[in-house]
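This report refers to the structure that appears directly beneath it.
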Amino acid sequence: SSWTADLEQGRLEINARRVQYGDMALGGIRARLPFSGQVTQERVKIRLAADAMLSIETLALPDPALSLADLRLGLSGLVTEVPFDDPGASQVQSRVQLAVSRLEHASLKPQGWSMAGELRHRGDASTFVGNLASVGGLGLDVDFAWPENRPWRAELRLQEIFFRAANPLAATLADWPPLLSLGTGRLTGRFEVAGNPGLERIDGRIEAAGLGGIHDRAAFEGLGFPLDLTLRGDDLTLDLPNLSLAMYDPGIPLGPLSLNGRYI
């Protein structure tokens, strides 16, 4: 005969001062996870409530150049389903909202970041589709997949930047040239990234159109280019097949100018 057991108004609370997980050290962990569930002869199914939340005060990673502080993870409506006859066919699905009040890395200016999207795990693959944004205004659309026993891959699309409104690159990148300011033009980009488990390759293109501004007291306008980027391990290749510049004025107006180049 078949049977069903229902669990209503369950609640899991976690408070931990410090947890070591592999090469990661987590400090100040708090979890409030209200849930409901159902168990049958075939499977167990657990659903988190909309206000389920996990917070971590500090997170130390294997990469000493990267540190995170005050993480808040929302797992609204997370559903986990595990069949008893085939645990490998488990499924997880959740809307994810992650906020980090301070992220520090040598290539980035310290600031907050946020991520939101849909997380899924089915059988032998995990996927995430959503977006990533810095407080400085830089935004990326993310499509990530990690099949079991295979390299992960991700497609990253830079949300279009209009420099007349602001310059999120200058607000986000630590090495942005201090003598360069942009006031007009737009920038887009698309990148394919893969690794197993660390980063192994990047293939991408950045496209600029109508850039104008000042570099070290020299005004310029009408700068446009595609820039192709390839990274294999530590080997970086940059291709600049068609850069054009309408005017460059370091005191004497010059232009129009064009350039083709490659950096290996």
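By convention in this document, the chains of the structure tokens carry letters A, B, ... by their order, each chain's residues are numbered from 1, and ligands are numbered from 1 in the order they are shown.
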Shell around Glu155 in chain A at 6 Å using only C-alpha atoms, local window under 3 positions removed, as a PDB file with C-alpha atoms, in the first residue's frame:
```pdb
ATOM      1  CA  VAL A 142      25.451  35.223 -16.813  1.00  0.00           C
ATOM      2  CA  ASP A 143      24.625  31.819 -18.318  1.00  0.00           C
ATOM      3  CA  PHE A 191      32.820  36.417 -23.278  1.00  0.00           C
ATOM      4  CA  GLU A 192      32.909  32.609 -23.262  1.00  0.00           C
TER       5      GLU A 192
END
```
Excluding range 11-19 of chain A and residues on its chain fewer than 6 positions from it, collect all residues at most 9 Å away from it, counting only C-alpha atoms, and give them as a compact mmCIF listing (two decimals) with all heavy atoms, in the first residue's frame.
```txt
# COMPACT_ATOMS: atom_id res chain seq x y z
N ALA A 25 37.48 29.15 4.79
CA ALA A 25 37.15 29.39 6.19
C ALA A 25 35.98 30.36 6.23
O ALA A 25 36.04 31.45 5.66
CB ALA A 25 38.35 29.96 6.93
N LEU A 26 34.90 29.96 6.90
CA LEU A 26 33.70 30.77 7.00
C LEU A 26 33.52 31.21 8.45
O LEU A 26 33.66 30.41 9.37
CB LEU A 26 32.46 29.99 6.54
CG LEU A 26 32.43 29.48 5.10
CD1 LEU A 26 33.20 28.16 4.98
CD2 LEU A 26 30.99 29.28 4.64
N GLY A 27 33.22 32.49 8.64
CA GLY A 27 33.03 33.01 9.99
C GLY A 27 31.69 33.71 10.14
O GLY A 27 31.18 34.33 9.21
N GLY A 28 31.10 33.59 11.33
CA GLY A 28 29.85 34.27 11.62
C GLY A 28 28.69 33.78 10.77
O GLY A 28 28.02 34.57 10.10
N ILE A 29 28.43 32.47 10.81
CA ILE A 29 27.38 31.89 9.98
C ILE A 29 26.04 31.90 10.72
O ILE A 29 25.95 31.47 11.87
CB ILE A 29 27.74 30.43 9.60
CG1 ILE A 29 29.08 30.39 8.87
CG2 ILE A 29 26.65 29.82 8.73
CD1 ILE A 29 29.61 29.01 8.67
N ARG A 30 25.02 32.39 10.04
CA ARG A 30 23.66 32.35 10.57
C ARG A 30 22.72 31.92 9.46
O ARG A 30 22.78 32.43 8.35
CB ARG A 30 23.23 33.73 11.09
CG ARG A 30 23.95 34.18 12.34
CD ARG A 30 23.40 35.51 12.84
NE ARG A 30 24.01 35.91 14.08
CZ ARG A 30 25.15 36.58 14.18
NH1 ARG A 30 25.81 36.91 13.08
NH2 ARG A 30 25.65 36.92 15.35
N ALA A 31 21.87 30.95 9.78
CA ALA A 31 20.89 30.47 8.81
C ALA A 31 19.52 30.39 9.46
O ALA A 31 19.40 29.90 10.58
CB ALA A 31 21.29 29.09 8.27
N ARG A 32 18.52 30.88 8.76
CA ARG A 32 17.13 30.77 9.17
C ARG A 32 16.39 30.14 8.00
O ARG A 32 16.14 30.80 7.00
CB ARG A 32 16.55 32.14 9.52
CG ARG A 32 17.30 32.89 10.61
CD ARG A 32 17.16 32.20 11.97
NE ARG A 32 17.87 32.93 13.02
CZ ARG A 32 19.11 32.69 13.38
NH1 ARG A 32 19.80 31.74 12.76
NH2 ARG A 32 19.68 33.38 14.36
N LEU A 33 16.04 28.87 8.13
CA LEU A 33 15.52 28.11 7.00
C LEU A 33 14.18 27.47 7.35
O LEU A 33 14.09 26.28 7.69
CB LEU A 33 16.52 27.02 6.60
CG LEU A 33 17.95 27.51 6.28
CD1 LEU A 33 18.87 26.33 6.04
CD2 LEU A 33 17.94 28.44 5.07
N PRO A 34 13.08 28.21 7.28
CA PRO A 34 11.76 27.60 7.44
C PRO A 34 11.43 26.74 6.22
O PRO A 34 11.74 27.11 5.09
CB PRO A 34 10.82 28.80 7.55
CG PRO A 34 11.55 29.93 6.93
CD PRO A 34 13.01 29.67 7.09
N PHE A 35 10.83 25.58 6.43
CA PHE A 35 10.61 24.66 5.32
C PHE A 35 9.37 23.80 5.56
O PHE A 35 8.85 23.69 6.67
CB PHE A 35 11.83 23.75 5.11
CG PHE A 35 12.10 22.81 6.24
CD1 PHE A 35 11.58 21.52 6.24
CD2 PHE A 35 12.88 23.20 7.33
CE1 PHE A 35 11.82 20.64 7.29
CE2 PHE A 35 13.13 22.33 8.38
CZ PHE A 35 12.60 21.05 8.36
N SER A 36 8.93 23.19 4.48
CA SER A 36 7.90 22.17 4.53
C SER A 36 8.38 21.00 3.67
O SER A 36 9.31 21.14 2.88
CB SER A 36 6.56 22.70 4.00
OG SER A 36 6.70 23.15 2.66
N LEU A 54 20.51 32.81 4.46
CA LEU A 54 21.80 32.42 5.01
C LEU A 54 22.72 33.63 4.97
O LEU A 54 22.82 34.30 3.94
CB LEU A 54 22.41 31.27 4.20
CG LEU A 54 23.87 30.90 4.48
CD1 LEU A 54 24.01 30.30 5.86
CD2 LEU A 54 24.39 29.94 3.41
```
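The interatomic distance for the pair CA of Arg205 in chain A and CA of Pro178 in chain A works out to 24.0 Å.
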Among range 36-259 of chain A, which ones does DSSP place in strand (DSSP E or B), written as an MDAnalysis selection string? chainID A and resid 36:40 43:48 53:60 67:83 91:105 108:122 125:134 139:147 152:162 173 180:195 199:215 218:232 235:249 254 257:259
Pick out the residues sitting within 9 Å of range 206-211 of chain A, and hand them over as a list in words; count only C-alpha atoms, and ignore anything fewer than 6 positions along from it in its own chain. Leu158, Phe163, Leu182, Gly183, Thr184, Gly185, Arg186, Leu187, Thr188, Gly189, Arg190, Phe191, Phe220, Glu221, Gly222, Leu223, Gly224, Phe225, Pro226, Leu227, Asp228, Leu229, Leu245 and Ala246 of chain A
File dump, residues just selected, N, CA, C and O atoms, as an mmCIF file, in the first residue's frame:
```
data_model
loop_
_atom_site.group_PDB
_atom_site.id
_atom_site.type_symbol
_atom_site.label_atom_id
_atom_site.label_comp_id
_atom_site.auth_asym_id
_atom_site.auth_seq_id
_atom_site.Cartn_x
_atom_site.Cartn_y
_atom_site.Cartn_z
ATOM 1 N N LEU A 158 28.338 41.635 -21.229
ATOM 2 C CA LEU A 158 28.436 42.934 -20.571
ATOM 3 C C LEU A 158 27.214 43.765 -20.929
ATOM 4 O O LEU A 158 26.929 44.000 -22.109
ATOM 5 N N PHE A 163 28.473 56.002 -21.747
ATOM 6 C CA PHE A 163 29.368 56.813 -20.934
ATOM 7 C C PHE A 163 28.853 58.226 -20.697
ATOM 8 O O PHE A 163 29.369 58.928 -19.822
ATOM 9 N N LEU A 182 35.906 59.453 -19.841
ATOM 10 C CA LEU A 182 35.027 59.275 -20.987
ATOM 11 C C LEU A 182 33.691 59.954 -20.708
ATOM 12 O O LEU A 182 33.119 59.787 -19.633
ATOM 13 N N GLY A 183 33.202 60.701 -21.719
ATOM 14 C CA GLY A 183 31.938 61.403 -21.548
ATOM 15 C C GLY A 183 30.896 61.067 -22.577
ATOM 16 O O GLY A 183 29.720 61.406 -22.409
ATOM 17 N N THR A 184 31.300 60.384 -23.657
ATOM 18 C CA THR A 184 30.356 59.977 -24.696
ATOM 19 C C THR A 184 30.716 58.587 -25.207
ATOM 20 O O THR A 184 31.815 58.080 -24.964
ATOM 21 N N GLY A 185 29.775 57.980 -25.931
ATOM 22 C CA GLY A 185 30.003 56.678 -26.546
ATOM 23 C C GLY A 185 29.393 55.541 -25.753
ATOM 24 O O GLY A 185 28.808 55.734 -24.685
ATOM 25 N N ARG A 186 29.529 54.345 -26.308
ATOM 26 C CA ARG A 186 28.963 53.160 -25.671
ATOM 27 C C ARG A 186 29.912 51.980 -25.832
ATOM 28 O O ARG A 186 30.769 51.952 -26.723
ATOM 29 N N LEU A 187 29.713 50.978 -24.978
ATOM 30 C CA LEU A 187 30.589 49.807 -24.950
ATOM 31 C C LEU A 187 29.758 48.567 -24.673
ATOM 32 O O LEU A 187 28.878 48.577 -23.799
ATOM 33 N N THR A 188 30.011 47.494 -25.407
ATOM 34 C CA THR A 188 29.372 46.202 -25.167
ATOM 35 C C THR A 188 30.448 45.127 -25.178
ATOM 36 O O THR A 188 31.575 45.344 -25.634
ATOM 37 N N GLY A 189 30.110 43.939 -24.679
ATOM 38 C CA GLY A 189 31.071 42.846 -24.674
ATOM 39 C C GLY A 189 30.403 41.505 -24.463
ATOM 40 O O GLY A 189 29.312 41.424 -23.888
ATOM 41 N N ARG A 190 31.052 40.479 -24.934
ATOM 42 C CA ARG A 190 30.565 39.106 -24.761
ATOM 43 C C ARG A 190 31.777 38.204 -24.575
ATOM 44 O O ARG A 190 32.769 38.311 -25.305
ATOM 45 N N PHE A 191 31.690 37.278 -23.597
ATOM 46 C CA PHE A 191 32.820 36.417 -23.278
ATOM 47 C C PHE A 191 32.343 34.986 -23.073
ATOM 48 O O PHE A 191 31.289 34.757 -22.474
ATOM 49 N N PHE A 220 39.656 63.780 -27.331
ATOM 50 C CA PHE A 220 39.458 62.894 -28.483
ATOM 51 C C PHE A 220 37.972 62.615 -28.633
ATOM 52 O O PHE A 220 37.186 62.750 -27.689
ATOM 53 N N GLU A 221 37.585 62.211 -29.848
ATOM 54 C CA GLU A 221 36.187 61.879 -30.101
ATOM 55 C C GLU A 221 36.109 60.899 -31.263
ATOM 56 O O GLU A 221 37.045 60.757 -32.057
ATOM 57 N N GLY A 222 34.974 60.185 -31.321
ATOM 58 C CA GLY A 222 34.742 59.235 -32.417
ATOM 59 C C GLY A 222 35.632 58.015 -32.375
ATOM 60 O O GLY A 222 35.986 57.466 -33.424
ATOM 61 N N LEU A 223 35.993 57.536 -31.174
ATOM 62 C CA LEU A 223 36.825 56.334 -31.058
ATOM 63 C C LEU A 223 35.941 55.090 -31.096
ATOM 64 O O LEU A 223 34.983 54.973 -30.333
ATOM 65 N N GLY A 224 36.269 54.175 -31.987
ATOM 66 C CA GLY A 224 35.517 52.931 -32.083
ATOM 67 C C GLY A 224 36.425 51.772 -32.443
ATOM 68 O O GLY A 224 37.438 51.956 -33.140
ATOM 69 N N PHE A 225 36.083 50.590 -31.945
ATOM 70 C CA PHE A 225 36.911 49.422 -32.240
ATOM 71 C C PHE A 225 36.207 48.153 -31.791
ATOM 72 O O PHE A 225 35.387 48.177 -30.876
ATOM 73 N N PRO A 226 36.554 47.023 -32.434
ATOM 74 C CA PRO A 226 36.346 45.720 -31.808
ATOM 75 C C PRO A 226 37.675 45.234 -31.242
ATOM 76 O O PRO A 226 38.727 45.414 -31.856
ATOM 77 N N LEU A 227 37.643 44.641 -30.054
ATOM 78 C CA LEU A 227 38.832 44.077 -29.434
ATOM 79 C C LEU A 227 38.559 42.622 -29.121
ATOM 80 O O LEU A 227 37.670 42.305 -28.327
ATOM 81 N N ASP A 228 39.306 41.717 -29.769
ATOM 82 C CA ASP A 228 39.161 40.283 -29.523
ATOM 83 C C ASP A 228 40.196 39.843 -28.499
ATOM 84 O O ASP A 228 41.386 40.151 -28.617
ATOM 85 N N LEU A 229 39.721 39.093 -27.508
ATOM 86 C CA LEU A 229 40.569 38.666 -26.391
ATOM 87 C C LEU A 229 40.552 37.151 -26.299
ATOM 88 O O LEU A 229 39.492 36.531 -26.331
ATOM 89 N N LEU A 245 39.572 56.509 -35.136
ATOM 90 C CA LEU A 245 39.482 57.672 -34.259
ATOM 91 C C LEU A 245 39.231 58.891 -35.123
ATOM 92 O O LEU A 245 40.029 59.233 -36.011
ATOM 93 N N ALA A 246 38.100 59.561 -34.875
ATOM 94 C CA ALA A 246 37.729 60.711 -35.709
ATOM 95 C C ALA A 246 38.656 61.897 -35.456
ATOM 96 O O ALA A 246 39.061 62.589 -36.397
#
```
Please identify the alpha helix (DSSP H) residues within range 45-225 of chain A (assignment by DSSP from backbone atoms) and present them as a list of chain:residue names. A:Pro168, A:Leu169, A:Ala170, A:Ala171, A:Thr172
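Closest approach to Arg122 in chain A among A:Glu104, A:Asp175, A:Glu148, A:Glu160 is made by A:Glu148 (distances from only C-alpha atoms).
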Shell of 9 Å around range 65-68 of chain A, only C-alpha atoms, local chain residues under 5 positions omitted, as JSON, numbers by chain: {"A": [57, 58, 59, 60, 100, 101, 102, 103, 104, 105, 106]}
Can you spit out the residues from that selection as an mmCIF file, in the first residue's frame, using C-alpha atoms?
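Writing the result to again-v1.cif gives the following:
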```cif
data_model
loop_
_atom_site.group_PDB
_atom_site.id
_atom_site.type_symbol
_atom_site.label_atom_id
_atom_site.label_comp_id
_atom_site.auth_asym_id
_atom_site.auth_seq_id
_atom_site.Cartn_x
_atom_site.Cartn_y
_atom_site.Cartn_z
ATOM 1 C CA GLU A 57 30.165 37.612 8.031
ATOM 2 C CA THR A 58 33.537 36.635 6.539
ATOM 3 C CA LEU A 59 34.664 34.205 3.856
ATOM 4 C CA ALA A 60 38.365 33.383 3.347
ATOM 5 C CA VAL A 100 28.141 40.913 -0.743
ATOM 6 C CA SER A 101 28.675 44.204 1.082
ATOM 7 C CA ARG A 102 32.413 44.254 0.321
ATOM 8 C CA LEU A 103 34.455 42.306 -2.225
ATOM 9 C CA GLU A 104 38.189 42.903 -2.397
ATOM 10 C CA HIS A 105 40.482 41.781 -5.207
ATOM 11 C CA ALA A 106 43.684 43.223 -6.630
#
```
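In this model, the gap between CA of Leu259 in chain A and CA of Asn242 in chain A comes to 6.1 Å.
If you look at CA of Ala52 in chain A and CA of Ser114 in chain A, they are 17.4 Å away from each other.
Residues with any atom within 7 Å of Met24 in chain A, counting only C-alpha atoms and excluding same-chain neighbours fewer than 4 positions away, are Gln20, Ala60, Leu61 and Pro62 of chain A.
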Could you please take those selected residues and save C-alpha atoms as a short mmCIF file (atom, residue, chain, number, x, y, z; two decimals), in the first residue's frame?
```cif
data_model
loop_
_atom_site.label_atom_id
_atom_site.label_comp_id
_atom_site.auth_asym_id
_atom_site.auth_seq_id
_atom_site.Cartn_x
_atom_site.Cartn_y
_atom_site.Cartn_z
CA GLN A 20 36.45 25.20 7.93
CA ALA A 60 38.36 33.38 3.35
CA LEU A 61 39.07 31.63 0.04
CA PRO A 62 42.11 29.65 -1.21
#
```
